[in-house]
Structures are given as C-alpha cells and as structure tokens.
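File shown: run-v4.cif (mmCIF, C-alpha atoms).
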data_query
loop_
_atom_site.label_atom_id
_atom_site.label_comp_id
_atom_site.auth_asym_id
_atom_site.auth_seq_id
_atom_site.Cartn_x
_atom_site.Cartn_y
_atom_site.Cartn_z
CA MET A 1 -27.01 -101.04 -202.54
CA GLU A 2 -28.58 -103.43 -200.05
CA GLY A 3 -25.58 -105.74 -200.39
CA GLU A 4 -23.27 -102.81 -199.69
CA VAL A 5 -25.19 -101.93 -196.51
CA ILE A 6 -24.91 -105.54 -195.32
CA ASN A 7 -21.17 -105.52 -196.02
CA PHE A 8 -20.90 -102.20 -194.19
CA ILE A 9 -22.58 -103.65 -191.11
CA MET A 10 -20.38 -106.76 -191.22
CA VAL A 11 -17.22 -104.69 -191.58
CA TRP A 12 -18.08 -102.58 -188.56
CA LEU A 13 -19.02 -105.62 -186.48
CA ILE A 14 -15.54 -106.99 -187.23
CA VAL A 15 -14.01 -103.61 -186.37
CA CYS A 16 -15.79 -103.53 -182.99
CA MET A 17 -14.79 -107.11 -182.16
CA SER A 18 -11.19 -106.40 -183.17
CA LEU A 19 -11.07 -103.30 -180.98
CA CYS A 20 -12.48 -105.27 -178.04
CA TYR A 21 -9.59 -107.67 -178.51
CA CYS A 22 -7.11 -104.75 -178.61
CA HIS A 23 -8.64 -103.31 -175.44
CA THR A 24 -8.17 -106.64 -173.67
CA ALA A 25 -4.63 -107.05 -175.04
CA GLY A 26 -3.77 -103.60 -173.72
CA LYS A 27 -4.83 -104.63 -170.22
CA ILE A 28 -2.77 -107.82 -170.30
CA LEU A 29 0.35 -106.74 -172.18
CA PRO A 30 2.53 -103.73 -171.29
CA PRO A 31 3.58 -101.29 -174.01
CA GLY A 32 6.36 -102.66 -176.17
CA ALA A 33 7.12 -105.49 -178.56
CA GLY A 34 4.63 -107.93 -177.05
CA ARG A 35 1.68 -105.54 -177.38
CA PHE A 36 2.81 -104.60 -180.89
CA LEU A 37 2.92 -108.22 -182.03
CA ALA A 38 -0.51 -108.84 -180.52
CA ILE A 39 -2.13 -105.83 -182.22
CA ALA A 40 -0.23 -105.87 -185.55
CA PRO A 41 -2.65 -108.42 -187.13
CA VAL A 42 -5.53 -106.03 -186.37
CA VAL A 43 -3.66 -103.21 -188.10
CA VAL A 44 -3.23 -105.40 -191.19
CA LEU A 45 -6.91 -106.39 -191.02
CA PHE A 46 -7.97 -102.74 -190.86
CA PHE A 47 -6.03 -102.09 -194.09
CA LEU A 48 -7.91 -104.94 -195.79
CA LEU A 49 -11.46 -104.37 -194.53
CA PRO A 50 -12.20 -101.27 -196.68
CA LEU A 51 -11.70 -103.47 -199.75
CA GLN A 52 -15.02 -105.11 -198.86
CA LEU A 53 -16.84 -101.85 -199.61
CA THR A 54 -17.22 -100.15 -202.97
CA SER A 55 -19.43 -97.14 -202.27
CA VAL A 56 -17.99 -93.66 -202.00
CA HIS A 57 -19.78 -92.61 -198.84
CA LEU A 58 -19.77 -95.82 -196.80
CA GLY A 59 -16.46 -97.12 -198.15
CA GLY A 60 -14.64 -93.79 -198.12
CA SER A 61 -15.58 -92.87 -194.57
CA THR A 62 -14.81 -96.40 -193.33
CA ALA A 63 -11.39 -96.33 -195.00
CA PHE A 64 -10.54 -93.00 -193.38
CA PHE A 65 -11.81 -94.06 -189.96
CA ILE A 66 -10.13 -97.46 -189.68
CA ALA A 67 -7.27 -97.71 -192.22
CA TRP A 68 -5.90 -94.31 -191.25
CA LEU A 69 -7.15 -93.01 -187.92
CA ALA A 70 -7.74 -96.26 -186.04
CA ASN A 71 -4.52 -97.85 -187.30
CA PHE A 72 -2.36 -94.88 -186.35
CA LYS A 73 -4.00 -94.73 -182.91
CA LEU A 74 -3.43 -98.46 -182.40
CA LEU A 75 0.23 -98.12 -183.35
CA LEU A 76 0.59 -95.36 -180.76
CA PHE A 77 -1.25 -97.57 -178.29
CA THR A 78 1.31 -100.37 -178.75
CA ALA A 79 3.96 -97.95 -177.49
CA GLY A 80 1.83 -96.69 -174.62
CA ASN A 81 1.14 -93.34 -176.29
CA GLY A 82 -1.79 -91.58 -177.93
CA PRO A 83 -5.44 -91.10 -176.99
CA LEU A 84 -6.05 -94.82 -176.33
CA SER A 85 -3.41 -95.06 -173.60
CA ALA A 86 -4.43 -94.09 -170.08
CA THR A 87 -3.92 -95.06 -166.45
CA PRO A 88 -6.20 -96.66 -165.43
CA PRO A 89 -7.18 -98.15 -168.84
CA LEU A 90 -10.01 -96.47 -170.70
CA PRO A 91 -13.49 -97.95 -170.34
CA LEU A 92 -14.36 -100.14 -173.33
CA ARG A 93 -17.04 -97.74 -174.61
CA ARG A 94 -14.62 -94.81 -174.69
CA PHE A 95 -11.85 -96.99 -176.16
CA LEU A 96 -14.12 -98.03 -179.04
CA ALA A 97 -15.29 -94.48 -179.76
CA LEU A 98 -11.82 -92.92 -179.62
CA SER A 99 -10.35 -95.70 -181.75
CA CYS A 100 -12.58 -95.55 -184.77
CA LEU A 101 -14.30 -92.16 -184.69
CA PRO A 102 -12.62 -88.91 -185.80
CA ILE A 103 -12.98 -87.30 -182.39
CA LYS A 104 -10.69 -85.82 -179.78
CA ILE A 105 -11.64 -85.05 -176.19
CA LEU A 106 -11.38 -81.38 -175.27
CA GLN A 107 -8.94 -81.57 -172.37
CA ASN A 108 -9.67 -78.28 -170.59
CA PRO A 109 -13.02 -76.79 -171.59
CA SER A 110 -12.59 -74.06 -168.97
CA GLU A 111 -9.65 -72.68 -170.94
CA LYS A 112 -12.01 -71.49 -173.66
CA GLN A 113 -12.55 -68.24 -171.85
CA SER A 114 -8.88 -67.67 -170.99
CA PRO A 115 -7.41 -64.63 -172.77
CA LYS A 116 -4.13 -66.52 -173.07
CA ASN A 117 -5.78 -69.15 -175.22
CA HIS A 118 -8.12 -66.81 -177.07
CA HIS A 119 -6.25 -67.01 -180.38
CA GLU A 120 -6.18 -70.81 -180.44
CA THR A 121 -9.79 -71.27 -179.33
CA LEU A 122 -11.37 -68.38 -181.17
CA ASN A 123 -13.24 -70.66 -183.56
CA GLN A 124 -13.79 -73.66 -181.28
CA GLU A 125 -17.35 -72.87 -180.21
CA PRO A 126 -19.68 -75.59 -181.56
CA LYS A 127 -21.53 -74.49 -184.66
CA SER A 128 -25.31 -74.42 -184.67
CA PHE A 129 -27.53 -76.98 -186.38
CA LEU A 130 -28.64 -74.15 -188.69
CA ASN A 131 -25.06 -73.79 -189.90
CA TYR A 132 -24.94 -77.46 -190.92
CA TRP A 133 -28.44 -77.38 -192.43
CA ILE A 134 -27.40 -74.47 -194.63
CA LYS A 135 -24.27 -76.34 -195.73
CA ALA A 136 -26.33 -79.48 -196.42
CA LEU A 137 -28.68 -77.36 -198.55
CA ILE A 138 -25.70 -75.92 -200.45
CA VAL A 139 -24.41 -79.47 -201.09
CA ALA A 140 -27.84 -80.45 -202.42
CA LEU A 141 -27.83 -77.42 -204.73
CA MET A 142 -24.33 -78.32 -205.92
CA VAL A 143 -25.46 -81.86 -206.73
CA LYS A 144 -28.32 -80.42 -208.79
CA LEU A 145 -25.91 -78.01 -210.48
CA TYR A 146 -23.83 -80.94 -211.73
CA ASP A 147 -26.75 -81.85 -214.02
CA TYR A 148 -25.70 -78.85 -216.09
CA SER A 149 -21.95 -79.57 -215.95
CA GLU A 150 -21.75 -79.83 -219.75
CA PHE A 151 -22.47 -76.10 -219.89
CA ILE A 152 -19.92 -75.19 -217.19
CA HIS A 153 -16.16 -74.83 -217.65
CA PRO A 154 -14.29 -77.87 -216.20
CA LYS A 155 -12.17 -75.66 -213.93
CA VAL A 156 -15.34 -74.13 -212.47
CA ILE A 157 -16.66 -77.65 -211.82
CA LEU A 158 -13.44 -78.51 -209.98
CA PHE A 159 -13.76 -75.30 -207.95
CA ILE A 160 -17.31 -76.34 -207.00
CA TYR A 161 -15.98 -79.80 -206.10
CA SER A 162 -13.58 -78.22 -203.63
CA TRP A 163 -16.43 -76.59 -201.70
CA HIS A 164 -18.56 -79.71 -202.07
CA VAL A 165 -15.83 -81.86 -200.49
CA TYR A 166 -15.26 -79.37 -197.66
CA PHE A 167 -18.96 -79.04 -196.78
CA PHE A 168 -19.49 -82.80 -197.08
CA LEU A 169 -16.50 -83.60 -194.83
CA GLU A 170 -17.57 -81.06 -192.24
CA ILE A 171 -21.11 -82.46 -192.16
CA ILE A 172 -19.90 -86.08 -191.91
CA LEU A 173 -17.42 -85.26 -189.14
CA ALA A 174 -20.07 -83.22 -187.31
CA ILE A 175 -22.41 -86.23 -187.40
CA THR A 176 -19.72 -88.53 -186.02
CA GLN A 177 -18.88 -85.94 -183.39
CA PHE A 178 -22.53 -85.84 -182.37
CA PHE A 179 -22.60 -89.61 -181.89
CA GLY A 180 -19.25 -89.49 -180.12
CA ARG A 181 -20.45 -86.75 -177.80
CA THR A 182 -23.67 -88.67 -177.10
CA LEU A 183 -21.80 -91.92 -176.53
CA LEU A 184 -19.11 -90.46 -174.27
CA GLY A 185 -21.07 -87.69 -172.62
CA ILE A 186 -18.14 -85.27 -172.82
CA GLU A 187 -17.14 -82.23 -174.84
CA LEU A 188 -15.17 -82.83 -178.04
CA GLU A 189 -12.92 -80.64 -180.15
CA PRO A 190 -14.21 -79.48 -183.55
CA GLN A 191 -12.46 -80.79 -186.67
CA PHE A 192 -12.63 -77.67 -188.86
CA HIS A 193 -11.96 -74.07 -187.87
CA ASP A 194 -13.26 -72.07 -190.85
CA PRO A 195 -10.36 -72.89 -193.22
CA TYR A 196 -11.41 -70.11 -195.61
CA PHE A 197 -9.96 -67.65 -193.04
CA SER A 198 -6.48 -69.22 -193.12
CA THR A 199 -3.70 -66.64 -193.01
CA SER A 200 -0.97 -69.09 -194.02
CA LEU A 201 -0.36 -72.72 -194.96
CA GLN A 202 0.73 -73.36 -191.38
CA ASP A 203 -2.56 -71.91 -190.17
CA PHE A 204 -4.54 -73.96 -192.71
CA TRP A 205 -2.92 -77.37 -192.17
CA GLY A 206 -2.09 -77.00 -188.49
CA ARG A 207 -5.11 -75.22 -187.00
CA ARG A 208 -8.05 -75.22 -189.40
CA TRP A 209 -8.29 -78.17 -191.82
CA ASN A 210 -9.28 -81.75 -190.83
CA LEU A 211 -7.66 -81.48 -187.42
CA MET A 212 -8.19 -85.15 -186.62
CA ALA A 213 -5.69 -86.11 -189.31
CA THR A 214 -3.33 -83.38 -188.07
CA ASN A 215 -3.64 -84.54 -184.47
CA ILE A 216 -2.85 -88.15 -185.36
CA LEU A 217 0.03 -87.36 -187.74
CA GLN A 218 1.75 -85.13 -185.20
CA PRO A 219 2.56 -87.82 -182.59
CA THR A 220 3.06 -90.66 -185.09
CA ILE A 221 5.20 -88.92 -187.74
CA TYR A 222 6.06 -85.30 -186.97
CA LYS A 223 7.37 -85.55 -183.40
CA PRO A 224 9.48 -88.71 -183.92
CA THR A 225 11.01 -87.17 -187.08
CA VAL A 226 11.77 -83.91 -185.26
CA LYS A 227 13.40 -85.85 -182.41
CA ILE A 228 15.66 -87.72 -184.83
CA ALA A 229 16.39 -84.65 -186.99
CA ALA A 230 17.32 -82.56 -183.93
CA LYS A 231 20.37 -84.78 -183.44
CA VAL A 232 21.51 -84.01 -186.99
CA VAL A 233 20.51 -80.42 -187.79
CA GLY A 234 19.73 -79.05 -184.32
CA ARG A 235 16.44 -78.21 -182.58
CA LYS A 236 15.94 -74.94 -184.49
CA TRP A 237 15.79 -76.57 -187.92
CA ALA A 238 14.45 -80.00 -186.93
CA PRO A 239 10.79 -79.05 -187.65
CA LEU A 240 11.60 -78.67 -191.37
CA PRO A 241 12.27 -82.37 -192.11
CA GLY A 242 9.43 -83.14 -189.69
CA VAL A 243 7.01 -81.21 -191.88
CA MET A 244 8.19 -82.91 -195.08
CA ALA A 245 7.96 -86.37 -193.52
CA THR A 246 4.44 -85.64 -192.29
CA PHE A 247 3.27 -84.51 -195.72
CA LEU A 248 4.84 -87.54 -197.39
CA VAL A 249 3.00 -89.92 -195.07
CA SER A 250 -0.20 -87.94 -195.57
CA ALA A 251 0.32 -88.27 -199.33
CA ILE A 252 0.67 -92.05 -199.04
CA MET A 253 -2.47 -92.32 -196.94
CA HIS A 254 -4.44 -90.18 -199.37
CA GLU A 255 -3.26 -92.34 -202.27
CA LEU A 256 -4.47 -95.37 -200.31
CA ILE A 257 -7.87 -93.81 -199.54
CA PHE A 258 -8.36 -92.92 -203.19
CA TYR A 259 -7.39 -96.46 -204.18
CA TYR A 260 -10.14 -97.76 -201.91
CA LEU A 261 -12.55 -95.37 -203.62
CA GLY A 262 -11.61 -96.03 -207.25
CA ARG A 263 -9.64 -99.33 -207.27
CA MET A 264 -7.29 -97.87 -209.90
CA LYS A 265 -3.52 -97.62 -209.98
CA PRO A 266 -2.44 -94.19 -208.65
CA ASN A 267 -0.91 -91.63 -211.01
CA TRP A 268 0.86 -89.96 -208.02
CA GLU A 269 -0.63 -86.52 -208.63
CA LEU A 270 -1.99 -86.61 -205.07
CA THR A 271 1.53 -87.28 -203.84
CA TRP A 272 2.83 -84.30 -205.78
CA PHE A 273 0.09 -82.14 -204.29
CA PHE A 274 1.25 -82.94 -200.76
CA VAL A 275 4.94 -82.74 -201.67
CA ILE A 276 4.39 -79.24 -203.06
CA HIS A 277 2.45 -78.18 -199.97
CA GLY A 278 5.03 -79.74 -197.68
CA PHE A 279 7.82 -77.90 -199.46
CA ALA A 280 5.86 -74.62 -199.48
CA LEU A 281 5.09 -74.96 -195.77
CA THR A 282 8.75 -75.72 -195.06
CA VAL A 283 9.77 -72.55 -196.89
CA GLU A 284 7.06 -70.62 -195.01
CA ILE A 285 8.38 -71.82 -191.64
CA LEU A 286 11.93 -70.99 -192.71
CA VAL A 287 10.89 -67.45 -193.68
CA LYS A 288 9.05 -66.99 -190.37
CA LYS A 289 12.17 -67.98 -188.46
CA VAL A 290 14.27 -65.27 -190.10
CA LEU A 291 11.62 -62.59 -190.67
CA PRO A 292 10.31 -60.48 -187.75
CA GLU A 293 6.56 -60.80 -187.17
CA LYS A 294 5.94 -57.09 -187.76
CA ARG A 295 7.29 -57.45 -191.32
CA ARG A 296 4.92 -60.27 -192.31
CA LEU A 297 1.93 -59.81 -194.59
CA PRO A 298 -1.30 -58.51 -193.00
CA ALA A 299 -4.30 -60.83 -192.93
CA ALA A 300 -6.04 -58.81 -195.66
CA VAL A 301 -3.26 -59.91 -198.02
CA SER A 302 -2.15 -63.26 -196.58
CA VAL A 303 -5.66 -64.81 -196.54
CA PRO A 304 -6.37 -64.39 -200.28
CA VAL A 305 -2.78 -65.36 -201.18
CA THR A 306 -3.09 -68.53 -199.10
CA LEU A 307 -6.49 -69.45 -200.54
CA VAL A 308 -5.35 -68.85 -204.11
CA PHE A 309 -2.38 -71.16 -203.58
CA ILE A 310 -4.53 -73.88 -201.98
CA PHE A 311 -7.30 -73.71 -204.58
CA SER A 312 -4.96 -73.53 -207.57
CA THR A 313 -2.87 -76.52 -206.50
CA ALA A 314 -5.97 -78.49 -205.50
CA ILE A 315 -7.69 -77.83 -208.85
CA TRP A 316 -4.44 -78.73 -210.63
CA LEU A 317 -3.55 -81.97 -208.81
CA PHE A 318 -6.08 -83.00 -206.14
CA PHE A 319 -9.62 -82.70 -207.45
CA PRO A 320 -8.99 -84.10 -210.96
CA GLN A 321 -8.61 -87.47 -209.20
CA PHE A 322 -12.34 -87.41 -208.49
CA MET A 323 -13.02 -87.36 -212.23
CA ARG A 324 -10.25 -89.81 -213.14
CA LEU A 325 -11.59 -92.39 -210.67
CA LYS A 326 -15.21 -91.43 -211.47
CA ILE A 327 -15.83 -90.82 -207.79
CA ASP A 328 -18.22 -88.02 -208.69
CA VAL A 329 -20.31 -90.35 -210.88
CA LYS A 330 -20.45 -92.99 -208.13
CA ALA A 331 -21.41 -90.36 -205.55
CA PHE A 332 -24.30 -89.07 -207.70
CA GLU A 333 -25.54 -92.62 -208.22
CA GLU A 334 -25.50 -93.12 -204.48
CA TYR A 335 -27.41 -89.87 -203.94
CA ALA A 336 -30.03 -91.08 -206.43
CA ALA A 337 -30.23 -94.48 -204.70
CA LEU A 338 -30.67 -92.76 -201.34
CA VAL A 339 -33.46 -90.54 -202.66
CA SER A 340 -35.19 -93.58 -204.18
CA PHE A 341 -34.86 -95.47 -200.89
CA ILE A 342 -36.35 -92.56 -198.91
CA LYS A 343 -39.24 -92.31 -201.37
CA LYS A 344 -39.99 -96.00 -200.93
CA LEU A 345 -40.04 -95.57 -197.16
CA ALA A 346 -42.20 -92.44 -197.31
CA PHE A 347 -44.56 -93.59 -200.05
CA PRO A 348 -44.56 -97.43 -200.03
CA LEU A 349 -47.88 -97.74 -201.87
CA VAL A 350 -46.79 -95.41 -204.69
CA SER A 351 -43.63 -97.43 -205.35
#
Translate this structure into structure tokens?
Amino acid sequence: MEGEVINFIMVWLIVCMSLCYCHTAGKILPPGAGRFLAIAPVVVLFFLLPLQLTSVHLGGSTAFFIAWLANFKLLLFTAGNGPLSATPPLPLRRFLALSCLPIKILQNPSEKQSPKNHHETLNQEPKSFLNYWIKALIVALMVKLYDYSEFIHPKVILFIYSWHVYFFLEIILAITQFFGRTLLGIELEPQFHDPYFSTSLQDFWGRRWNLMATNILQPTIYKPTVKIAAKVVGRKWAPLPGVMATFLVSAIMHELIFYYLGRMKPNWELTWFFVIHGFALTVEILVKKVLPEKRRLPAAVSVPVTLVFIFSTAIWLFFPQFMRLKIDVKAFEEYAALVSFIKKLAFPLVS
C-alpha cells in the first residue's frame, strides 16, 4: 500500500506539471490546430497515467479525474471552449483546480432565490456535514454487512452495491468540492441532486446523477452532434442522435475506467447498459415531444417506475462488473489496510 501511495503522489505531481504546461501553452497559442498539437501529448499522457495505479480508491478516482474529466476539458480548451477558457486567462490556481477536480463554478449564486429558477435549483443547497456523516456510517455498515454475503441472495448484494457506490461517489465528490471551494474561495455547484427522486430518465441523467460527467459530455459530444444532426433531420429531432452519441461515448469511458480498475478485457455489458439507457431516453424524449405535459405520468407513479428501470438494468448489466473484476474484494482489502494504518498511527506502541 505504501508503494501505491508513492505512485499516487508521483502521478499527481506529473498531472500538476502537465497542467502548468497546458496553462502556459494556452497563453502563448491561440485556439486551433497549434494549441491542439501542443496539448495532445498531455491528453495521451493522462490516458496512460492511471495505469500506474492499481488500487480501487486512488486509481479509480484518479482515472475519472484525469483520463475523463481533465482530458475532455483540455480538448475543449484547445478549441477555446469549456471551463478552462476565459478572457483574460484563468489564474494558474483556478486552472489547475478546474482541470482535474470534478467541480463547476456556480455562475449566478443570486439566482438561487429566483422563482423562475426554483425548479432547477430546488436541490442545490449544500448538504450538511451531518448528511455526509450519516452516509459514511451507512457505507461502513454496508462494508460490515458484506461479511455475511454468503447468507444473502446475490441480487440483494448487487442492490446494496448500488447504494454503496452512490453514497461513496457522493462522499468522494463532496470532499473534492470542499477542497475546490477552499482552494478557489468561490461557490461551487453540487454534483448530485437526490437521484432517488428522479421523475424520468431525463431527470436522472440530466439533472440529478453525477452532473460533472453530464456537464462535460454536453459541450464535447451532445452539442456538436446536435449541430451536425440538425442539418440532416432538422432542429426538432436533432437531440435524439445527440443523446445516443453521448451515451455511447459515456459507455466507452466507463469501459475504460473499469479497465483501469480491473485490468481485464471488457465483456461490453457496461456498453449495453448505456446503449439501453440511451435508447430508452431517446424514446422518452420522443414521447414528450408528441404527448402534452398534462397527459404525462404524475410523480407518484413516474418516480418508482424510473427507479425500477434504473435499478433493474444496473443490477443486470452494471454492478455485476464489480464482481467480475473483483473490485469489491480489492475495495474491502483497501478498507482493511486503511483501518490497520489508522490503528498504527493511533496506537503505535500496541502495534
């Protein structure tokens, strides 16, 4: 574990130095081919760096932060778009934080109280530390519950995994948001908006679940696809191929992240999960375009229907990958190593 921590530190030192180079290149080179050629080697490097890490927690979070988020932001930056592009150029500290942390600056905090924006910002108030402590406690109880997994039905275990992953992701992103907020001194947007209240797939993927991934896929994949598709099928129907393209790219990135975690050849079940959701969301959007709002399902019906669809497809195709790649076993070993490390720090004479 000590070797992994050293590798983790080295990887992030390289990431910071690479981003300093990108920041300087952005000042010297205008958006376009020249900036792209200058930054492309960093993008390739960021795809390779996660291979230096093997742990689930350090390696998985690093892969998501740099191979996905940072790379997509840098590609936008080469074209003069995205959160890294600004006039005048961003200060280096903000450039580093926005590049590699899953954060987004809240543009107009004053709009929170506007009735016009009430629906969109209803769940954007920062959650209390107590909320995250309770979720951390639940995660700890889940980890303990896995000791008795041989007495629990496999589907129930996968259902527990789904909540474990959600709570864990929300805690990790909240921690990074805290550091981002401290580093930048500004208000940041939350990354989860209570996804268990989703009234539709569009609500779940677009407004409630892992919004950092949504926010980075929209300008890099969705909008360019919609712009191209509008010339072929018209503006009304252009969002449909945009949605499918976005889910396909998301599928590829998830396959890559899971490869970093397990170092095994993909079986493409993750891809099918996102293809099914992309198709279902496309159908949902199509239905909404032809069906008046007053004839749609009420929230009391649409919420459980949406959650059943999400959980059933996730238990069928998504979460079995954790067992296939033995990510759960690795994670528990890391939890045990962490507990042992804390004990040694707290009780050095006993150890």
Could you put an axis-aligned box around every listed atom of range 314-330 of chain A, padded by 4 Å on each side, and send me its centre and edge lengths in Å to one decimal, as AutoDock Vina command-line options?
--center_x -12.0 --center_y -85.4 --center_z -209.3 --size_x 24.9 --size_y 23.2 --size_z 15.6
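With distances taken over all atoms listed in the file, A:Phe168 is the one residue among A:Tyr259, A:Tyr222, A:Phe168, A:Phe129 lying closest to Met142 in chain A.
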State, in Å with one decimal place, the distance from CA of Trp209 in chain A to CA of Phe72 in chain A.
18.6 Å
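Using all atoms listed in the file, the smallest distance between any of A:Leu53, A:Leu45, A:Ser18, A:Val156 and Val5 in chain A comes from A:Leu53.
Residues lying within 12 Å of range 292-303 of chain A, counting all atoms listed in the file and ignoring same-chain neighbours fewer than 2 positions away, are A:Asp194, A:Pro195, A:Tyr196, A:Phe197, A:Ser198, A:Thr199, A:Ser200, A:Leu201, A:Gln202, A:Asp203, A:Phe204, A:Glu284, A:Leu286, A:Val287, A:Lys288, A:Lys289, A:Val290, A:Val305, A:Thr306, A:Leu307, A:Val308, A:Phe309, A:Ile310.
Between Ile6 in chain A and the candidates A:Ala331, A:Trp205, A:Phe318, A:Leu58, the tightest atom-to-atom separation, counting only C-alpha atoms, involves A:Leu58.
Between CA of Glu150 in chain A and CA of Phe311 in chain A the interatomic distance comes to 21.8 Å.
CA of Asn210 in chain A is positioned 5.3 Å from CA of Gln191 in chain A.
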Excluding Val249 in chain A and residues on its chain fewer than 4 positions from it, collect all residues at most 8 Å away from it, counting all atoms listed in the file, and give them as a list in words.
Ile221, Ala245 and Met253 of chain A
How would you write, as number ranges by chain, the residues chosen by the PyMOL selection byres ((chain A and resi 78) around 9) on this structure?
A: 26, 30-40, 73-77, 79-81, 85
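Residues captured in this structure file are Tyr132, Lys135, Val165, Tyr166, Phe167, Phe168, Leu169, Ile171, Ile172, Leu173, Ala174, Ile175, Gln191, Phe192 and Asn210 of chain A, according to the PyMOL selection byres ((chain A and resi 170) around 9).
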Explicit residue set for the PyMOL selection byres ((chain A and resi 67) around 10), as a ChimeraX atom specification:
/A:43-50,61-66,68-72,100,253,256-257
